[in-house]
Every structure is written in C-alpha cells, then in structure tokens.
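Notes for the one structure printed next.
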Amino acid sequence: MGAIPTQRETVSRATGAPAHPAGVSARECARAHVTLLGSSLAPGAAREMVRAALTDWSALGLPGTRHWTEHLAADALVVVSELVTNAVVHAGTDVEVVCRLEETGTLVVEATDHHPSRAPRSGDQETPHEIPEYGRGLRLVAALAEAWGITYRPGTKTVWARLRAAGAETGETPEAAGVTEAADAGDAAGVVSAADVVDGADMVRTAARIEAYGAERDPRFSGSPAGPPPEREAGTGRRGRDREWLGRGALSFLAEASDLLAGQLDEDLVASLTGQLIVPRLADWCAVWLEDESLGRGAWSDAPGAVVGARLARVWHAGESHIEELRRALEKDPPRPRDPWRSGPVAHPWPGDALGPDGAHGVALAYRLVAGGRPLGTLVIGRSGTAGFPDEITGLVEDLSRRVALAIGAARQYARQATISAVLQRGLLPGAVAEIPGVRSALVYEPCDKGGPSGDFYDLFPAGDGRWCFAVGDVQGKGPEAAVVIGLARPWLRLLAREEYGVPDVLDRLNQLLLDDATEAADAAARALVAAGGPPVAPGDGPQTRFLSLLYGELVPHAGGVRCTLASAGHPLPLLLGPDGTVRAVAEPQTLLGVVEDATYTSETFELCSGDTLLCVTDGVTERRSGSRQFDDGDGLATALAGCAGLDAGLVAERIRRLVHEFGARPPEDDLALLVLQAE
C-alpha cells in the first residue's frame with residue numbers, strides 16, 4: 001500500500017486463507033486502518049487508503065471479492081470521503097479510518113473522531129426551532145449504504161456504514177452471530193450504549209441480530225415487506241436475553257451510564273445520549289421531552305395537549321427509517337401524567353401506525369424526569385410485539401431516568417451560569433472601540449475561561465478636546481473578584497480622563513481608589529465577624545487585596561503625526577515597531593496599582609510617526625509557556641514584532657496571536673489581550 005502523506009499510523013491485515021480454526025467463525029477476513037490528521041487532506045488520504053485496500057484484496061482473491069462491482073468500489077470511496085469530511089469539519093480532531101472486508105464481500109467503513117459531543121451534520125440548513133437529529137445528517141451515506149449509524153464510546157464517536165456486495169448473502173440467524181464472532185461484529189454494530197463498554201459480547205449479539213434482520217425492520221433495506229424476526233414470533237428469546245443480561249451487566253451499565261451523562265454540559269446532548277443508552281438494549285424506541293422548569297407544577301394538566309412549555313428534544317429508534325414518523329406521532333400525543341410527582345412509570349399511548357405493520361402493537365411507558373424537586377421533562381420508552389416490560393427492565397430504566405434528570409439539571413445549571421457570566425463579561429468591556437483620526441487599531445481578546453469573567457480588560461475611547469485614551473489591564477485572579485475590580489477601574493478611568501486629568505494623575509487616583517476600596521471591604525468583613533461572635537481572622541483568610549497591572553495612555557493626533565503619552569503600572573512594557581523593523585520599549589516599569597500607599601507614577605511621551613506600530617499586551621502573551629520556556633524569554637515578543645514590519649495593524653495583531661498559540665502544544669492557560677495602534 002502506498003505511503004499516505006498525512007497519516008500518523010497505518011495498519012493493514014489481509015489473508016487469503018478462507019479456513020478458520022475449528023469452532024470459530026470469522027466474518028471479517030481483511031482490514032485496513034489509518035489515522036489521519038484532521039485537515040483538508042484527510043478525505044483524499046482516506047480515499048487512497050480504501051482504493052489501495054480494495055485493489056490488494058481483490059488481487060489476493062479474498063472471500064467475497066468475487067461479488068464486487070465497480071459501483072461498490074465507487075460507493076465505498078464516496079462514503080469514506082463523506083465520513084472523513086464530516087469528522088474533520090465538525091470535530092476537528094485526528095480521524096481514525098477503518099475499512100473492513102467481511103467474508104460475504106460486504107464492506108464496512110468507519111470514521112472515528114475524538115470529539116463525541118459533536119454529531120455529524122449535513123449541508124442542510126436547520127430552522128432556528130428545529131431540534132437537530134444527531135446521526136441524521138449524512139444524507140448521501142444513508143442513500144448509498146445498506147445500513148449506517150453512530151457508536152459513542154468514552155472520548156470517541158464512530159460513524160460507520162455497511163455496503164453490501166451484489167449477490168452477497170443477507171440472511172443470518174441470531175445463532176450465527178454468537179459470542180464467537182463478537183470481536184468482529186461489534187465494531188460495526190449500530191448500538192450506542194454504555195453496555196458497548198461494560199458488556200461488549202452481549203451487545204454485539206444484539207447488534208448482529210439487528211443487522212441480520214435489517215431488511216425486515218427497515219424498508220430501505222428491502223423492496224418487499226417481510227414478517228418479524230423469529231424471536232418475536234416465539235416471544236421468548238428476548239425475555240431470556242433480558243434475564244441473562246440483567247444478571248450480569250445491569251449494575252455496570254448504570255455505572256457507565258452515570259459517567260457518560262455526568263460529563264455533558266448540554267441538555268440536548270444528554271437527551272441524545274439517553275436514547276442511545278436505552279435503544280436497543282432496553283427498548284425498541286425512546287423519546288425525551290424537555291420542559292421549561294420555571295413553569296413549575298402548573299406545567300401539567302389533564303387536558304389534551306397539556307404539556308406547557310415542553311418540547312420533544314430527542315427521538316431514537318433501532319430502525320432509523322422510523323424516526324421521523326415516530327416523532328410526528330409522538331408530537332401529536334405528548335405525555336400527560338395525572339400526578340406529575342409520582343415515582344415510577346405510567347402507561348403511554350402506543351404510537352399506532354408510525355412503526356409500520358411490524359410495530360402496530362406494543363407497550364410504552366413514561367417516566368417523569370425530576371431533579372431537586374424541579375420538573376425537567378419526561379422519558380418515554382416502547383417495545384413492539386409485547387404485552388409489557390419485565391419488572392427488572394422498568395426498575396432499571398427508572399434508575400437511569402434519575403441519572404438522566406440529574407444530568408439535565410446540571411447542564412441547565414451550567415447554562416444559567418454561562419449566560420450570567422457572558423452578560424457580566426459584556427458589561428465589563430466596551431461595546432465598541434473608538435476610531436481615532438490618523439490611527440489604525442486592531443484588537444485581540446481571548447478569555448481563557450469561556451464560562452466566567454476574564455481577568456483581562458481593554459478600552460479605547462474619546463476623552464474630549466481632540467484626545468483619545470486607551471487602556472490594557474490585568475486584574476489579580478478571575479471570576480467575580482476580577483469582575484469587581486474591572487467594574488471599579490474602567491468607569492473611573494473614563495471619568496478621570498474626561499475630567500482632563502493627565503496620565504500620571506489618573507494612575508495616582510486609581511491606585512488610591514483601589515486601596516480605599518480594599519480597606520473598606522476589610523473593615524466591613526471585620527465588623528460582620530465581630531457581630532457574629534466569630535474567632536479572629538487568620539492572615540490570608542480575610543478579603544483579598546485588589547490590585548491590577550495597567551497600561552494606560554493618551555493619544556493626540558496632530559498635523560505631523562500622533563503624540564502618545566503613556567505609563568505602565570506593573571504591566572508588560574509596550575513595544576514600538578518602526579518602519580525599518582527596529583523595536584524598542586517606550587515605558588518604564590512601575591508598581592502595580594492597589595499595592596503601595598501614596599505611590600507616585602510617571603509617564604513617557606513620544607511621537608507615533610507614519611508607519612510606527614505600538615503593541616500593548618497582557619501577560620497572557622509574554623508568559624505563554626512551552627515547558628519551562630516563556631514566549632518572551634530572550635526578548636521573544638520583540639523578535640516576533642520585528643518580523644511584522646510592513647504589515648498593517650490587523651495583520652500584526654493576527655500574526656502575534658498565531659505565534660503565541662503556536663508557541664506551546666497545549667491551548668493557552670491564561671487570558672490573552674493585545675492592542676495594536678498604528679500611525680497612518
């Protein structure tokens with residue numbers, strides 16, 4: 001097989017010997033595997049790998065290759081290209097591609113990425129009110145493949161597709177898909193549940209059974225209707241498997257389900273994972289309604305259409321062709337429990353003809369999702385061709401529903417906190433950056449913690465009388481404490497500047513303001529402690545000192561250029577880049593604000609001539625780490641800026657940002673802010 005430029009690892013296995021050890025069935029007789037970088041070159045490399053594998057296997061005359069046609073080879077290349085493209089675009093991680101040959105000639109193509117919270121999408125635009133159907137986006141793959149699906153495992157998501165060769169056998173009894181072939185059948189199984197990890201062999205048998213009867217359960221697989229699988233006619237096979245699995249895997253299933261759900265921060269993804277955990281191990285289909293918990297107990301009544309503020313977030317069925325019809329049927333008949341606070345399941349109307357002739361009869365149960373006394377939604381499960389669920393299954397789903405409710409509650413709590421933090425963050429930063437005559441500006445602002453207020457801030461505003469002022473600051477710490485200091489400092493900067501205080505005077509007064517505020521906070525805490533009769537406050541246990549580093553300056557455009565006056569209070573020094581590529585610092589280091597009583601600050605004044613570029617950064621740039629090294633070691637920032645000679649302000653900002661990100665293998669661990677001012 002030829003070398004593929006973007007691959008990390010290639011493993012290929014093929015054998016021309018059709019014989020197998022006695023008592024062992026081997027459906028898979030060849031496999032090709034490659035790990036690709038998540039780039040635009042990945043789809044082409046994946047096609048090359050599949051093309052080379054098909055050529056090698058055909059030349060070896062491996063079992064099943066006699067059934068191949070040109071159409072199958074072309075379809076395989078299209079499918080692998082689509083799967084890898086979706087993984088690259090929507091996950092952005094490395095992609096593991098597997099192509100397997102089964103002895104019937106069937107090809108199984110898999111693409112695995114390492115971002116399981118992102119599901120594949122098609123190019124179709126979803127309406128704002130449409131709930132995305134995870135795993136329903138690959139229209140082309142669905143049209144070409146005999147079957148396709150998604151398998152979630154901890155840390156990975158695999159999208160797979162089966163392409164059957166013309167003339168290959170399609171029937172397989174459940175007995176033929178037993179434990180002996182679990183290792184081969186499992187990787188391609190369309191089963192997504194915690195039992196994939198904890199009880200692999202049993203889940204693989206279920207997966208093989210689904211694949212074997214795909215033509216009966218999904219009209220896409222067959223042009224003529226067929227009866228139900230033999231196990232349903234007998235009515236005993238499923239009960240036996242339920243008892244066997246419950247005796248071995250139920251506790252492990254719940255433990256793995258808890259781990260899988262606990263790490264999700266999006267309620268729609270929790271609903272999606274719930275469906276994949278339940279189907280097909282515990283039920284043939286399930287649905288999750290999510291409701292607005294702010295409506296409280298009044299959200300339910302006995303009237304038709306009684307669910308107020310509820311939406312059908314997720315529908316999952318073992319046969320994907322039934323999902324849309326099932327969704328429409330369920331939306332017409334939402335759950336209406338008489339007692340919204342009762343525990344355990346209640347009967348739910350069967351969705352009728354939505355499941356086709358094989359699913360005309362069955363049983364459905366509704367479980368209330370409640371966490372912390374708050375109603376969050378309803379979980380509905382259903383089984384076709386049976387009069388009821390075993391008590392063990394209903395109890396297990398009830399336990400799972402509690403875990404689902406807790407995960408949804410945690411996801412909503414995170415969403416509320418993220419919304420509050422985002423609103424607070426927007427309020428701490430200027431709504432717009434002022435435009436200065438004769439000066440081009442560019443800004444990069446990247447908070448490290450997307451879920452909370454940043455410790456970095458910036459401002460660029462008109463101060464009147466032909467003056468513009470700018471500031472780049474970094475507060476001690478992050479979160480609410482940082483927000484308090486920024487909320488205090490930025491308005492005072494604007495007020496003092498517009499009152500025509502000079503740069504040193506602004507810093508003097510802001511320093512005193514922070515010290516006074518810290519003293520008042522300490523006095524208030526001491527009075528509260530004395531009033532409560534508490535013990536003396538140990539050093540370091542009281543209110544934390546509020547201090548910040550700040551680079552503050554004033555710009556005055558005039559006919560010959562721009563006069564700049566600035567001062568640095570404990571902040572990384574600003575750098576000036578000349579048109580000839582020379583770089584120099586244009587301020588002197590001084591004490592942090594809010595630390596020393598009666599500190600006196602000084603400023604420097606210089607001219608920004610045509611083509612000069614002033615770079616102001618926070619320590620997220622200078623102290624960016626790669627092992628034991630920092631970005632600014634050996635004047636690294638000055639060297640990087642010197643390489644920006646001749647670039648405009650926007651390109652300078654973007655180049656510095658890119659160099660900072662590329663300096664270390666891991667993402668930055670501190671907030672990052674930089675301001676570029678360039679004289680025209």
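FYI, nothing fancy with the structure tokens labels: chains A, B, ... in order, residues from 1 per chain, ligands from 1 as they appear.
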TODO: Give me the residues within 8 Å of segment 373-386 of chain A as a PyMOL selection string, counting only C-alpha atoms and dropping any in the same chain fewer than 6 places off.
DONE: chain A and resi 232+235+283-293+296-297+310+335+348+350+358-367+401+405+408-409
How would the residues just chosen look if you wrote them out with N, CA, C and O atoms as a compact mmCIF listing (two decimals), in the first residue's frame?
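Result went into out-v6.txt, see below:
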# COMPACT_ATOMS: atom_id res chain seq x y z
N ARG A 232 -39.42 -12.80 17.73
CA ARG A 232 -40.65 -12.15 18.13
C ARG A 232 -41.83 -13.09 17.99
O ARG A 232 -42.80 -12.99 18.71
N GLY A 235 -41.55 -15.21 21.01
CA GLY A 235 -41.90 -14.42 22.19
C GLY A 235 -41.08 -14.73 23.41
O GLY A 235 -41.32 -14.18 24.47
N ALA A 283 -35.11 -1.08 25.10
CA ALA A 283 -36.37 -0.79 24.41
C ALA A 283 -36.10 -0.68 22.92
O ALA A 283 -34.96 -0.51 22.48
N ASP A 284 -37.20 -0.77 22.12
CA ASP A 284 -37.08 -0.60 20.67
C ASP A 284 -36.97 0.86 20.29
O ASP A 284 -36.38 1.20 19.27
N TRP A 285 -37.58 1.74 21.09
CA TRP A 285 -37.51 3.17 20.81
C TRP A 285 -37.66 3.95 22.11
O TRP A 285 -38.14 3.40 23.12
N CYS A 286 -37.25 5.18 22.08
CA CYS A 286 -37.47 6.05 23.23
C CYS A 286 -37.55 7.49 22.76
O CYS A 286 -37.13 7.83 21.65
N ALA A 287 -38.13 8.33 23.60
CA ALA A 287 -38.26 9.76 23.31
C ALA A 287 -38.04 10.53 24.60
O ALA A 287 -38.37 10.05 25.69
N VAL A 288 -37.49 11.74 24.47
CA VAL A 288 -37.24 12.59 25.63
C VAL A 288 -37.88 13.95 25.39
O VAL A 288 -37.58 14.62 24.40
N TRP A 289 -38.80 14.30 26.27
CA TRP A 289 -39.36 15.66 26.28
C TRP A 289 -38.63 16.47 27.33
O TRP A 289 -38.37 15.99 28.45
N LEU A 290 -38.31 17.71 26.99
CA LEU A 290 -37.72 18.65 27.95
C LEU A 290 -38.68 19.81 28.12
O LEU A 290 -39.24 20.31 27.15
N GLU A 291 -38.85 20.24 29.36
CA GLU A 291 -39.80 21.32 29.62
C GLU A 291 -39.12 22.47 30.34
O GLU A 291 -38.04 22.31 30.93
N ASP A 292 -39.79 23.61 30.31
CA ASP A 292 -39.31 24.80 30.98
C ASP A 292 -39.62 24.67 32.47
O ASP A 292 -40.77 24.77 32.88
N GLU A 293 -38.58 24.45 33.28
CA GLU A 293 -38.81 24.19 34.70
C GLU A 293 -39.32 25.42 35.43
O GLU A 293 -39.86 25.31 36.53
N GLY A 296 -42.89 25.31 36.66
CA GLY A 296 -43.18 24.61 37.91
C GLY A 296 -44.31 23.62 37.80
O GLY A 296 -44.54 22.99 36.77
N ARG A 297 -45.08 23.50 38.88
CA ARG A 297 -46.10 22.47 38.96
C ARG A 297 -47.25 22.72 38.00
O ARG A 297 -47.98 21.79 37.64
N ALA A 310 -43.17 22.39 26.98
CA ALA A 310 -42.36 21.19 26.74
C ALA A 310 -42.08 21.05 25.25
O ALA A 310 -42.88 21.45 24.41
N PRO A 335 -46.90 13.24 26.55
CA PRO A 335 -47.25 12.57 27.81
C PRO A 335 -48.04 13.49 28.73
O PRO A 335 -47.78 14.69 28.82
N HIS A 348 -48.22 4.95 28.52
CA HIS A 348 -48.28 5.99 27.50
C HIS A 348 -48.93 5.39 26.25
O HIS A 348 -48.68 4.22 25.92
N TRP A 350 -49.69 3.96 22.72
CA TRP A 350 -48.83 3.42 21.68
C TRP A 350 -48.98 4.26 20.42
O TRP A 350 -50.08 4.68 20.06
N ASP A 358 -45.06 -4.15 11.45
CA ASP A 358 -44.42 -4.96 12.49
C ASP A 358 -44.50 -4.31 13.86
O ASP A 358 -44.27 -4.98 14.87
N GLY A 359 -44.80 -3.02 13.91
CA GLY A 359 -44.85 -2.33 15.19
C GLY A 359 -46.23 -1.80 15.51
O GLY A 359 -46.36 -0.81 16.22
N ALA A 360 -47.26 -2.45 14.97
CA ALA A 360 -48.62 -1.95 15.18
C ALA A 360 -49.05 -2.10 16.64
O ALA A 360 -49.94 -1.38 17.09
N HIS A 361 -48.46 -3.05 17.35
CA HIS A 361 -48.86 -3.28 18.73
C HIS A 361 -47.61 -3.30 19.62
O HIS A 361 -46.54 -3.74 19.20
N GLY A 362 -47.78 -2.86 20.83
CA GLY A 362 -46.68 -2.85 21.77
C GLY A 362 -47.07 -2.13 23.04
O GLY A 362 -48.24 -1.82 23.28
N VAL A 363 -46.07 -1.84 23.86
CA VAL A 363 -46.31 -1.16 25.12
C VAL A 363 -45.33 -0.01 25.26
O VAL A 363 -44.17 -0.11 24.85
N ALA A 364 -45.81 1.11 25.81
CA ALA A 364 -44.98 2.28 26.04
C ALA A 364 -45.17 2.76 27.46
O ALA A 364 -46.29 2.73 28.00
N LEU A 365 -44.08 3.23 28.08
CA LEU A 365 -44.10 3.73 29.45
C LEU A 365 -43.46 5.11 29.51
O LEU A 365 -42.50 5.39 28.79
N ALA A 366 -44.00 5.95 30.39
CA ALA A 366 -43.48 7.31 30.56
C ALA A 366 -42.90 7.46 31.96
O ALA A 366 -43.54 7.07 32.95
N TYR A 367 -41.70 8.02 32.04
CA TYR A 367 -41.01 8.27 33.31
C TYR A 367 -40.83 9.77 33.48
O TYR A 367 -40.31 10.44 32.58
N SER A 401 -33.44 6.93 34.60
CA SER A 401 -34.13 8.22 34.44
C SER A 401 -33.72 9.21 35.52
O SER A 401 -33.65 10.42 35.26
N ALA A 405 -32.15 12.81 34.73
CA ALA A 405 -32.67 14.06 35.29
C ALA A 405 -31.57 14.87 35.96
O ALA A 405 -31.49 16.09 35.81
N ILE A 408 -29.46 16.46 33.24
CA ILE A 408 -30.15 17.60 32.62
C ILE A 408 -30.13 18.80 33.57
O ILE A 408 -29.89 19.94 33.14
N GLY A 409 -30.37 18.54 34.86
CA GLY A 409 -30.33 19.64 35.83
C GLY A 409 -28.96 20.28 35.90
O GLY A 409 -28.85 21.52 35.95
Please tabulate, as CSV, the residues of segment 581-601 of chain A that come within 12 Å of segment 469-483 of chain A, each with its closest pair of atoms and the distance in Å to one decimal, counting only C-alpha atoms and ordering rows by chain, then residue number upward.
residue,atom,partner,partner_atom,distance
A:Leu592,CA,A:Val475,CA,10.1
A:Leu593,CA,A:Val475,CA,9.7
A:Gly594,CA,A:Val475,CA,10.4
A:Val595,CA,A:Gln476,CA,11.5
Open item on the list: Give me, as a list in words, all polymer residues having an atom no more than 10 Å from Leu651 of chain A, counting only C-alpha atoms and skipping those fewer than 5 positions away in the same chain.
Closed with: Ala442, Cys644, Gly646, Ile656, Arg657 and Val676 of chain A
